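Raw my_file_22.pdb, PDB, C-alpha atoms:
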ATOM      1  CA  MET X  17       0.000   0.000   0.000  1.00  0.00           C
ATOM      2  CA  ALA X  18       2.850   2.379   0.853  1.00  0.00           C
ATOM      3  CA  GLY X  19       4.319   1.588  -2.528  1.00  0.00           C
ATOM      4  CA  ARG X  20       1.175   2.928  -4.179  1.00  0.00           C
ATOM      5  CA  LEU X  21       1.636   6.208  -2.352  1.00  0.00           C
ATOM      6  CA  ARG X  22       5.275   6.471  -3.382  1.00  0.00           C
ATOM      7  CA  SER X  23       4.425   5.749  -6.989  1.00  0.00           C
ATOM      8  CA  GLY X  24       2.007   8.655  -7.009  1.00  0.00           C
ATOM      9  CA  LEU X  25       4.429  11.295  -5.723  1.00  0.00           C
ATOM     10  CA  PRO X  26       6.704  11.535  -8.790  1.00  0.00           C
ATOM     11  CA  TYR X  27       3.647  11.935 -11.017  1.00  0.00           C
ATOM     12  CA  LEU X  28       2.224  14.587  -8.703  1.00  0.00           C
ATOM     13  CA  ARG X  29       5.540  16.435  -8.802  1.00  0.00           C
ATOM     14  CA  ARG X  30       5.509  16.456 -12.601  1.00  0.00           C
ATOM     15  CA  VAL X  31       1.916  17.675 -12.683  1.00  0.00           C
ATOM     16  CA  LEU X  32       2.447  20.480 -10.183  1.00  0.00           C
ATOM     17  CA  THR X  33       5.580  21.766 -11.903  1.00  0.00           C
ATOM     18  CA  SER X  34       4.388  21.413 -15.491  1.00  0.00           C
ATOM     19  CA  ASP X  35       3.147  24.228 -17.714  1.00  0.00           C
ATOM     20  CA  THR X  36      -0.093  22.351 -18.333  1.00  0.00           C
ATOM     21  CA  ILE X  37      -1.242  22.555 -14.725  1.00  0.00           C
ATOM     22  CA  SER X  38      -4.484  24.270 -15.667  1.00  0.00           C
ATOM     23  CA  SER X  39      -5.529  21.365 -17.864  1.00  0.00           C
ATOM     24  CA  VAL X  40      -5.061  18.846 -15.056  1.00  0.00           C
ATOM     25  CA  ALA X  41      -6.725  20.784 -12.261  1.00  0.00           C
ATOM     26  CA  SER X  42     -10.478  20.900 -12.094  1.00  0.00           C
ATOM     27  CA  GLN X  43     -11.842  24.270 -11.051  1.00  0.00           C
ATOM     28  CA  ARG X  44     -14.412  24.500  -8.270  1.00  0.00           C
ATOM     29  CA  SER X  45     -17.054  27.153  -8.040  1.00  0.00           C
ATOM     30  CA  ALA X  46     -15.854  30.129  -6.044  1.00  0.00           C
ATOM     31  CA  ALA X  47     -19.339  31.155  -4.969  1.00  0.00           C
ATOM     32  CA  PRO X  48     -21.099  28.666  -2.638  1.00  0.00           C
ATOM     33  CA  LYS X  49     -24.868  28.783  -2.430  1.00  0.00           C
ATOM     34  CA  SER X  50     -26.359  30.812   0.387  1.00  0.00           C
ATOM     35  CA  LEU X  51     -27.191  28.723   3.406  1.00  0.00           C
ATOM     36  CA  LEU X  52     -30.198  30.838   4.303  1.00  0.00           C
ATOM     37  CA  ARG X  53     -31.728  34.123   3.181  1.00  0.00           C
ATOM     38  CA  PRO X  54     -29.348  37.023   2.358  1.00  0.00           C
ATOM     39  CA  LEU X  55     -28.182  39.224   5.191  1.00  0.00           C
ATOM     40  CA  THR X  56     -30.164  42.371   5.836  1.00  0.00           C
ATOM     41  CA  ASN X  57     -28.498  45.774   5.989  1.00  0.00           C
ATOM     42  CA  THR X  58     -28.971  45.772   9.746  1.00  0.00           C
ATOM     43  CA  GLU X  59     -27.132  42.483  10.122  1.00  0.00           C
ATOM     44  CA  LEU X  60     -24.330  43.547   7.811  1.00  0.00           C
ATOM     45  CA  SER X  61     -23.752  46.760   9.740  1.00  0.00           C
ATOM     46  CA  ARG X  62     -23.882  45.047  13.136  1.00  0.00           C
ATOM     47  CA  ASP X  63     -20.498  45.547  14.783  1.00  0.00           C
ATOM     48  CA  PHE X  64     -19.085  42.614  16.755  1.00  0.00           C
ATOM     49  CA  ALA X  65     -16.439  44.816  18.347  1.00  0.00           C
ATOM     50  CA  THR X  66     -16.723  46.579  21.682  1.00  0.00           C
ATOM     51  CA  ALA X  67     -16.817  50.348  21.909  1.00  0.00           C
ATOM     52  CA  SER X  68     -13.166  50.487  22.955  1.00  0.00           C
ATOM     53  CA  ALA X  69     -12.142  48.808  19.680  1.00  0.00           C
ATOM     54  CA  SER X  70     -14.353  50.862  17.402  1.00  0.00           C
ATOM     55  CA  THR X  71     -11.542  52.820  15.734  1.00  0.00           C
ATOM     56  CA  GLU X  72     -11.527  53.900  12.121  1.00  0.00           C
ATOM     57  CA  GLN X  73      -8.825  51.361  11.252  1.00  0.00           C
ATOM     58  CA  LYS X  74      -9.171  50.196   7.675  1.00  0.00           C
ATOM     59  CA  VAL X  75      -9.205  46.411   7.401  1.00  0.00           C
ATOM     60  CA  LYS X  76      -9.232  44.581   4.101  1.00  0.00           C
ATOM     61  CA  VAL X  77     -10.545  41.029   3.972  1.00  0.00           C
ATOM     62  CA  PRO X  78      -7.764  38.898   2.395  1.00  0.00           C
ATOM     63  CA  VAL X  79     -10.173  36.576   0.557  1.00  0.00           C
ATOM     64  CA  THR X  80     -13.527  37.529  -0.942  1.00  0.00           C
ATOM     65  CA  MET X  81     -16.244  35.414   0.674  1.00  0.00           C
ATOM     66  CA  PHE X  82     -19.682  34.626  -0.692  1.00  0.00           C
ATOM     67  CA  GLY X  83     -22.940  33.474   0.873  1.00  0.00           C
ATOM     68  CA  VAL X  84     -24.271  33.939   4.384  1.00  0.00           C
ATOM     69  CA  SER X  85     -21.433  32.059   6.095  1.00  0.00           C
ATOM     70  CA  GLY X  86     -18.879  34.072   4.133  1.00  0.00           C
ATOM     71  CA  ASN X  87     -20.479  37.383   5.094  1.00  0.00           C
ATOM     72  CA  TYR X  88     -20.546  36.472   8.777  1.00  0.00           C
ATOM     73  CA  ALA X  89     -16.946  35.211   8.677  1.00  0.00           C
ATOM     74  CA  SER X  90     -15.775  38.387   6.932  1.00  0.00           C
ATOM     75  CA  ALA X  91     -17.495  40.635   9.475  1.00  0.00           C
ATOM     76  CA  LEU X  92     -15.974  38.641  12.338  1.00  0.00           C
ATOM     77  CA  TYR X  93     -12.532  38.832  10.716  1.00  0.00           C
ATOM     78  CA  ILE X  94     -12.695  42.623  10.419  1.00  0.00           C
ATOM     79  CA  ALA X  95     -13.789  43.022  14.042  1.00  0.00           C
ATOM     80  CA  ALA X  96     -11.122  40.596  15.317  1.00  0.00           C
ATOM     81  CA  VAL X  97      -8.330  42.304  13.385  1.00  0.00           C
ATOM     82  CA  LYS X  98      -9.396  45.736  14.649  1.00  0.00           C
ATOM     83  CA  ALA X  99      -9.349  44.434  18.220  1.00  0.00           C
ATOM     84  CA  ASN X 100      -6.069  42.543  17.647  1.00  0.00           C
ATOM     85  CA  VAL X 101      -7.555  39.233  18.845  1.00  0.00           C
ATOM     86  CA  LEU X 102      -7.571  37.235  15.607  1.00  0.00           C
ATOM     87  CA  ASP X 103      -5.853  34.113  16.967  1.00  0.00           C
ATOM     88  CA  LYS X 104      -7.888  34.144  20.177  1.00  0.00           C
ATOM     89  CA  VAL X 105     -11.205  34.400  18.333  1.00  0.00           C
ATOM     90  CA  GLU X 106     -10.213  31.597  15.968  1.00  0.00           C
ATOM     91  CA  SER X 107      -9.269  29.349  18.885  1.00  0.00           C
ATOM     92  CA  GLU X 108     -12.516  30.103  20.736  1.00  0.00           C
ATOM     93  CA  LEU X 109     -14.686  29.520  17.695  1.00  0.00           C
ATOM     94  CA  ILE X 110     -13.026  26.239  16.749  1.00  0.00           C
ATOM     95  CA  GLY X 111     -13.179  25.098  20.378  1.00  0.00           C
ATOM     96  CA  LEU X 112     -16.922  25.723  20.557  1.00  0.00           C
ATOM     97  CA  VAL X 113     -17.560  23.881  17.289  1.00  0.00           C
ATOM     98  CA  GLU X 114     -15.522  20.882  18.423  1.00  0.00           C
ATOM     99  CA  ALA X 115     -17.329  20.847  21.773  1.00  0.00           C
ATOM    100  CA  SER X 116     -20.712  20.873  20.021  1.00  0.00           C
ATOM    101  CA  LYS X 117     -19.720  17.773  18.043  1.00  0.00           C
ATOM    102  CA  LYS X 118     -19.085  15.909  21.279  1.00  0.00           C
ATOM    103  CA  SER X 119     -22.430  16.892  22.807  1.00  0.00           C
ATOM    104  CA  PRO X 120     -25.501  15.497  21.006  1.00  0.00           C
ATOM    105  CA  THR X 121     -27.764  17.643  23.194  1.00  0.00           C
ATOM    106  CA  PHE X 122     -25.982  20.895  22.381  1.00  0.00           C
ATOM    107  CA  SER X 123     -25.659  19.927  18.722  1.00  0.00           C
ATOM    108  CA  GLN X 124     -29.400  19.329  18.498  1.00  0.00           C
ATOM    109  CA  PHE X 125     -30.078  22.593  20.314  1.00  0.00           C
ATOM    110  CA  MET X 126     -28.077  24.490  17.689  1.00  0.00           C
ATOM    111  CA  LYS X 127     -30.063  22.897  14.850  1.00  0.00           C
ATOM    112  CA  ASP X 128     -33.511  23.274  16.422  1.00  0.00           C
ATOM    113  CA  LEU X 129     -35.190  26.267  14.765  1.00  0.00           C
ATOM    114  CA  SER X 130     -38.201  25.941  17.067  1.00  0.00           C
ATOM    115  CA  VAL X 131     -36.169  27.300  19.985  1.00  0.00           C
ATOM    116  CA  THR X 132     -37.007  30.961  20.538  1.00  0.00           C
ATOM    117  CA  ALA X 133     -34.411  33.692  20.035  1.00  0.00           C
ATOM    118  CA  ASP X 134     -34.492  34.600  23.735  1.00  0.00           C
ATOM    119  CA  VAL X 135     -33.675  31.028  24.771  1.00  0.00           C
ATOM    120  CA  ARG X 136     -30.929  30.733  22.163  1.00  0.00           C
ATOM    121  CA  MET X 137     -29.277  33.983  23.223  1.00  0.00           C
ATOM    122  CA  LYS X 138     -29.510  33.187  26.929  1.00  0.00           C
ATOM    123  CA  ALA X 139     -27.870  29.789  26.423  1.00  0.00           C
ATOM    124  CA  ILE X 140     -25.111  31.187  24.206  1.00  0.00           C
ATOM    125  CA  ASN X 141     -24.401  34.065  26.589  1.00  0.00           C
ATOM    126  CA  GLU X 142     -24.094  31.643  29.504  1.00  0.00           C
ATOM    127  CA  ILE X 143     -21.714  29.437  27.521  1.00  0.00           C
ATOM    128  CA  SER X 144     -19.633  32.442  26.447  1.00  0.00           C
ATOM    129  CA  THR X 145     -19.404  33.694  30.026  1.00  0.00           C
ATOM    130  CA  GLN X 146     -18.437  30.306  31.463  1.00  0.00           C
ATOM    131  CA  ALA X 147     -15.836  29.784  28.735  1.00  0.00           C
ATOM    132  CA  LYS X 148     -14.520  33.334  29.268  1.00  0.00           C
ATOM    133  CA  PHE X 149     -14.731  34.127  25.573  1.00  0.00           C
ATOM    134  CA  SER X 150     -13.474  37.457  24.299  1.00  0.00           C
ATOM    135  CA  ASP X 151     -16.033  40.204  23.749  1.00  0.00           C
ATOM    136  CA  ILE X 152     -15.672  39.831  19.981  1.00  0.00           C
ATOM    137  CA  THR X 153     -16.530  36.126  20.071  1.00  0.00           C
ATOM    138  CA  LYS X 154     -19.297  36.639  22.622  1.00  0.00           C
ATOM    139  CA  ASN X 155     -20.964  39.379  20.571  1.00  0.00           C
ATOM    140  CA  PHE X 156     -20.576  37.399  17.358  1.00  0.00           C
ATOM    141  CA  LEU X 157     -22.235  34.322  18.844  1.00  0.00           C
ATOM    142  CA  ALA X 158     -25.059  36.487  20.194  1.00  0.00           C
ATOM    143  CA  VAL X 159     -25.737  37.835  16.691  1.00  0.00           C
ATOM    144  CA  VAL X 160     -25.645  34.323  15.193  1.00  0.00           C
ATOM    145  CA  ALA X 161     -27.999  33.021  17.881  1.00  0.00           C
ATOM    146  CA  GLU X 162     -30.399  35.940  17.531  1.00  0.00           C
ATOM    147  CA  SER X 163     -30.624  35.467  13.760  1.00  0.00           C
ATOM    148  CA  GLY X 164     -31.282  31.715  14.107  1.00  0.00           C
ATOM    149  CA  ARG X 165     -28.120  30.609  12.325  1.00  0.00           C
ATOM    150  CA  LEU X 166     -26.405  28.520  15.009  1.00  0.00           C
ATOM    151  CA  ALA X 167     -26.858  25.458  12.794  1.00  0.00           C
ATOM    152  CA  HIS X 168     -24.375  27.025  10.364  1.00  0.00           C
ATOM    153  CA  LEU X 169     -21.775  27.984  12.949  1.00  0.00           C
ATOM    154  CA  GLU X 170     -19.396  25.224  11.857  1.00  0.00           C
ATOM    155  CA  ARG X 171     -19.391  26.482   8.266  1.00  0.00           C
ATOM    156  CA  MET X 172     -18.850  30.041   9.496  1.00  0.00           C
ATOM    157  CA  ALA X 173     -15.891  28.830  11.551  1.00  0.00           C
ATOM    158  CA  GLN X 174     -14.445  27.079   8.501  1.00  0.00           C
ATOM    159  CA  ARG X 175     -14.709  30.228   6.412  1.00  0.00           C
ATOM    160  CA  PHE X 176     -13.207  32.281   9.236  1.00  0.00           C
ATOM    161  CA  THR X 177     -10.252  29.877   9.398  1.00  0.00           C
ATOM    162  CA  GLU X 178      -9.745  30.372   5.652  1.00  0.00           C
ATOM    163  CA  LEU X 179      -9.464  34.095   6.295  1.00  0.00           C
ATOM    164  CA  THR X 180      -7.027  33.717   9.189  1.00  0.00           C
ATOM    165  CA  MET X 181      -4.848  31.385   7.120  1.00  0.00           C
ATOM    166  CA  ALA X 182      -4.797  33.887   4.257  1.00  0.00           C
ATOM    167  CA  HIS X 183      -3.928  36.601   6.777  1.00  0.00           C
ATOM    168  CA  LYS X 184      -0.908  34.551   7.918  1.00  0.00           C
ATOM    169  CA  GLY X 185       0.113  33.612   4.387  1.00  0.00           C
ATOM    170  CA  GLU X 186      -0.781  29.946   4.892  1.00  0.00           C
ATOM    171  CA  VAL X 187      -2.122  27.647   2.185  1.00  0.00           C
ATOM    172  CA  LYS X 188      -4.209  24.660   3.265  1.00  0.00           C
ATOM    173  CA  VAL X 189      -3.654  21.486   1.266  1.00  0.00           C
ATOM    174  CA  ILE X 190      -5.963  18.491   1.739  1.00  0.00           C
ATOM    175  CA  VAL X 191      -4.341  15.169   0.852  1.00  0.00           C
ATOM    176  CA  THR X 192      -6.600  12.132   0.617  1.00  0.00           C
ATOM    177  CA  SER X 193      -5.097   8.637   0.661  1.00  0.00           C
ATOM    178  CA  VAL X 194      -6.088   5.112   1.705  1.00  0.00           C
ATOM    179  CA  ILE X 195      -3.575   5.094   4.574  1.00  0.00           C
ATOM    180  CA  PRO X 196      -1.824   7.902   6.484  1.00  0.00           C
ATOM    181  CA  LEU X 197       0.913   9.465   4.397  1.00  0.00           C
ATOM    182  CA  PRO X 198       4.346   8.419   5.740  1.00  0.00           C
ATOM    183  CA  GLN X 199       6.284  11.292   7.286  1.00  0.00           C
ATOM    184  CA  GLU X 200       9.003  11.207   4.622  1.00  0.00           C
ATOM    185  CA  GLU X 201       6.473  11.345   1.799  1.00  0.00           C
ATOM    186  CA  GLU X 202       4.468  14.085   3.493  1.00  0.00           C
ATOM    187  CA  LYS X 203       7.662  16.132   3.711  1.00  0.00           C
ATOM    188  CA  GLU X 204       8.422  15.491   0.029  1.00  0.00           C
ATOM    189  CA  LEU X 205       4.892  16.502  -0.937  1.00  0.00           C
ATOM    190  CA  LYS X 206       5.072  19.716   1.119  1.00  0.00           C
ATOM    191  CA  GLU X 207       8.395  20.631  -0.506  1.00  0.00           C
ATOM    192  CA  THR X 208       6.920  20.077  -3.977  1.00  0.00           C
ATOM    193  CA  LEU X 209       3.889  22.222  -3.186  1.00  0.00           C
ATOM    194  CA  GLN X 210       6.050  24.882  -1.549  1.00  0.00           C
ATOM    195  CA  ASP X 211       8.183  25.148  -4.695  1.00  0.00           C
ATOM    196  CA  MET X 212       5.075  25.636  -6.797  1.00  0.00           C
ATOM    197  CA  ILE X 213       3.330  28.103  -4.478  1.00  0.00           C
ATOM    198  CA  GLY X 214       6.516  30.078  -3.928  1.00  0.00           C
ATOM    199  CA  GLN X 215       8.123  31.826  -1.004  1.00  0.00           C
ATOM    200  CA  GLY X 216       6.119  34.014   1.321  1.00  0.00           C
ATOM    201  CA  LYS X 217       3.439  31.370   1.803  1.00  0.00           C
ATOM    202  CA  LYS X 218       3.428  28.392   4.140  1.00  0.00           C
ATOM    203  CA  VAL X 219       1.923  25.051   3.161  1.00  0.00           C
ATOM    204  CA  LYS X 220      -0.225  23.324   5.793  1.00  0.00           C
ATOM    205  CA  VAL X 221      -1.135  19.731   4.954  1.00  0.00           C
ATOM    206  CA  GLU X 222      -4.344  18.126   6.231  1.00  0.00           C
ATOM    207  CA  GLN X 223      -4.517  14.379   5.674  1.00  0.00           C
ATOM    208  CA  LYS X 224      -7.780  12.547   5.052  1.00  0.00           C
ATOM    209  CA  ILE X 225      -8.271   8.801   4.845  1.00  0.00           C
ATOM    210  CA  ASP X 226     -10.662   7.380   2.254  1.00  0.00           C
ATOM    211  CA  ALA X 227     -10.384   3.699   1.389  1.00  0.00           C
ATOM    212  CA  SER X 228     -12.808   4.145  -1.521  1.00  0.00           C
ATOM    213  CA  ILE X 229     -10.125   5.779  -3.704  1.00  0.00           C
ATOM    214  CA  LEU X 230      -8.332   2.355  -3.679  1.00  0.00           C
ATOM    215  CA  GLY X 231      -4.861   3.900  -3.823  1.00  0.00           C
ATOM    216  CA  GLY X 232      -2.880   6.878  -5.024  1.00  0.00           C
ATOM    217  CA  LEU X 233      -3.551  10.439  -3.908  1.00  0.00           C
ATOM    218  CA  VAL X 234      -6.084  13.243  -4.262  1.00  0.00           C
ATOM    219  CA  VAL X 235      -4.587  16.663  -3.571  1.00  0.00           C
ATOM    220  CA  GLU X 236      -6.779  19.763  -3.114  1.00  0.00           C
ATOM    221  CA  PHE X 237      -5.785  23.358  -2.517  1.00  0.00           C
ATOM    222  CA  GLY X 238      -7.319  26.659  -3.460  1.00  0.00           C
ATOM    223  CA  GLN X 239      -9.739  25.988  -6.305  1.00  0.00           C
ATOM    224  CA  LYS X 240      -7.667  23.117  -7.722  1.00  0.00           C
ATOM    225  CA  VAL X 241      -8.052  19.347  -7.431  1.00  0.00           C
ATOM    226  CA  PHE X 242      -5.383  16.883  -8.562  1.00  0.00           C
ATOM    227  CA  ASP X 243      -6.942  13.418  -8.667  1.00  0.00           C
ATOM    228  CA  MET X 244      -4.322  10.691  -9.023  1.00  0.00           C
ATOM    229  CA  SER X 245      -6.339   7.989  -7.289  1.00  0.00           C
ATOM    230  CA  ILE X 246      -6.465   4.444  -8.592  1.00  0.00           C
ATOM    231  CA  LYS X 247     -10.253   4.696  -8.549  1.00  0.00           C
ATOM    232  CA  THR X 248     -10.214   7.584 -11.038  1.00  0.00           C
ATOM    233  CA  ARG X 249      -7.557   5.942 -13.203  1.00  0.00           C
ATOM    234  CA  ALA X 250      -9.632   2.756 -13.319  1.00  0.00           C
ATOM    235  CA  ARG X 251     -12.694   4.734 -14.437  1.00  0.00           C
ATOM    236  CA  GLN X 252     -10.658   6.450 -17.138  1.00  0.00           C
ATOM    237  CA  MET X 253      -9.352   3.101 -18.350  1.00  0.00           C
ATOM    238  CA  GLU X 254     -12.879   1.676 -18.350  1.00  0.00           C
ATOM    239  CA  ARG X 255     -14.119   4.564 -20.512  1.00  0.00           C
ATOM    240  CA  PHE X 256     -11.177   4.077 -22.862  1.00  0.00           C
ATOM    241  CA  LEU X 257     -11.910   0.358 -23.230  1.00  0.00           C
ATOM    242  CA  ARG X 258     -15.572   1.052 -23.930  1.00  0.00           C
ATOM    243  CA  GLU X 259     -14.785   3.370 -26.829  1.00  0.00           C
ATOM    244  CA  PRO X 260     -15.269   1.784 -30.271  1.00  0.00           C
ATOM    245  CA  VAL X 261     -12.087   0.860 -32.074  1.00  0.00           C
ATOM    246  CA  ASN X 262     -11.653   2.099 -35.634  1.00  0.00           C
ATOM    247  CA  LEU X 263      -9.760  -0.636 -37.449  1.00  0.00           C
ATOM    248  CA  ASP X 264      -9.881   1.164 -40.810  1.00  0.00           C
ATOM    249  CA  SER X 265      -7.467   3.901 -39.824  1.00  0.00           C
TER
END
Would you write out, as structure tokens, the structure that this file holds?
Amino acid sequence: MAGRLRSGLPYLRRVLTSDTISSVASQRSAAPKSLLRPLTNTELSRDFATASASTEQKVKVPVTMFGVSGNYASALYIAAVKANVLDKVESELIGLVEASKKSPTFSQFMKDLSVTADVRMKAINEISTQAKFSDITKNFLAVVAESGRLAHLERMAQRFTELTMAHKGEVKVIVTSVIPLPQEEEKELKETLQDMIGQGKKVKVEQKIDASILGGLVVEFGQKVFDMSIKTRARQMERFLREPVNLDS
């Protein structure tokens, strides 16, 4: 199995460093569908920052976000940067999302639209106080709870992480394989990607295990997908074998 992984790395290196990279990578849509209705002007103008942080500092969002989750993440990013608590807010948000996954009761509470806004806000405020969240995070969660979008908090956190990574010059690369990538091969892959992306950016590899790809690798970053899995190769070979053969040529 490890041999299958090794055999895929040289091919990946050639693909990533070739001039025909655009023909190999499949482009994903940059604009996800809205999770719920569009934000109102009131919601868009709602400031998550405290009065002490409400300076006229100009903050530019490093990545243009679309959809409801993108708008919320962008607003939170701007407020966190102005208050100089970007890392703290990211840690708090991710921590809350991970905690919700471990609590079926809390997870169901977040998804239950029948719960009134008052109950949602009271519960979230109590959690924020007990966890000693920053004012930015606390205010953000209050807005999300009031608008009935707690069910989409995980997606908002994901989009927010994309913004913080862009802020730090980090590029997230998702590598899917049938077994964990050996340390030596992960290092080789990171070096290959780093050469392609260039200096000034840091590659962060996230490994995913999926036995259904049968072997090989699937590498995703940005809007690009490099599928070198045995599953995909087998499908391509099957299509090739099904094509009629012209014996007259």
Task: Long-range neighbours of Gly238 (chain X) as a ChimeraX atom specification, 8 Å cut-off, only C-alpha atoms, 6 positions minimum in chain - done: /X:187-189
Any chance you could export the current selection's C-alpha atoms as a PDB file, keeping the file's coordinate frame?
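Result file part.pdb:
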ATOM      1  CA  VAL X 187      -2.122  27.647   2.185  1.00  0.00           C
ATOM      2  CA  LYS X 188      -4.209  24.660   3.265  1.00  0.00           C
ATOM      3  CA  VAL X 189      -3.654  21.486   1.266  1.00  0.00           C
TER       4      VAL X 189
END
TODO: Please provide the set of residues having any atom within 12 Å of Met172 (chain X), restricted to all atoms listed in the file, with same-chain residues fewer than 2 positions apart removed, written as a ChimeraX atom specification.
DONE: /X:50-51,81-93,106,109-110,113,156-157,160,165-170,174-179
Let's have the selection written as an mmCIF file, in the coordinates of the input, with C-alpha atoms.
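The result, written out as selection.cif:
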data_model
loop_
_atom_site.group_PDB
_atom_site.id
_atom_site.type_symbol
_atom_site.label_atom_id
_atom_site.label_comp_id
_atom_site.auth_asym_id
_atom_site.auth_seq_id
_atom_site.Cartn_x
_atom_site.Cartn_y
_atom_site.Cartn_z
ATOM 1 C CA SER X 50 -26.359 30.812 0.387
ATOM 2 C CA LEU X 51 -27.191 28.723 3.406
ATOM 3 C CA MET X 81 -16.244 35.414 0.674
ATOM 4 C CA PHE X 82 -19.682 34.626 -0.692
ATOM 5 C CA GLY X 83 -22.940 33.474 0.873
ATOM 6 C CA VAL X 84 -24.271 33.939 4.384
ATOM 7 C CA SER X 85 -21.433 32.059 6.095
ATOM 8 C CA GLY X 86 -18.879 34.072 4.133
ATOM 9 C CA ASN X 87 -20.479 37.383 5.094
ATOM 10 C CA TYR X 88 -20.546 36.472 8.777
ATOM 11 C CA ALA X 89 -16.946 35.211 8.677
ATOM 12 C CA SER X 90 -15.775 38.387 6.932
ATOM 13 C CA ALA X 91 -17.495 40.635 9.475
ATOM 14 C CA LEU X 92 -15.974 38.641 12.338
ATOM 15 C CA TYR X 93 -12.532 38.832 10.716
ATOM 16 C CA GLU X 106 -10.213 31.597 15.968
ATOM 17 C CA LEU X 109 -14.686 29.520 17.695
ATOM 18 C CA ILE X 110 -13.026 26.239 16.749
ATOM 19 C CA VAL X 113 -17.560 23.881 17.289
ATOM 20 C CA PHE X 156 -20.576 37.399 17.358
ATOM 21 C CA LEU X 157 -22.235 34.322 18.844
ATOM 22 C CA VAL X 160 -25.645 34.323 15.193
ATOM 23 C CA ARG X 165 -28.120 30.609 12.325
ATOM 24 C CA LEU X 166 -26.405 28.520 15.009
ATOM 25 C CA ALA X 167 -26.858 25.458 12.794
ATOM 26 C CA HIS X 168 -24.375 27.025 10.364
ATOM 27 C CA LEU X 169 -21.775 27.984 12.949
ATOM 28 C CA GLU X 170 -19.396 25.224 11.857
ATOM 29 C CA GLN X 174 -14.445 27.079 8.501
ATOM 30 C CA ARG X 175 -14.709 30.228 6.412
ATOM 31 C CA PHE X 176 -13.207 32.281 9.236
ATOM 32 C CA THR X 177 -10.252 29.877 9.398
ATOM 33 C CA GLU X 178 -9.745 30.372 5.652
ATOM 34 C CA LEU X 179 -9.464 34.095 6.295
#
- [ ] Work out how far CA of Leu233 (chain X) is from CA of Leu257 (chain X), in Å to one decimal.
- [x] 23.3 Å
Task: X:Ala250, X:Met181, X:Met244, X:Ala147 ranked by distance to Ala115 (chain X), top pick (using all atoms listed in the file) - done: X:Ala147
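Coordinates place CA of Thr145 (chain X) at a distance of 11.7 Å from CA of Ala158 (chain X).
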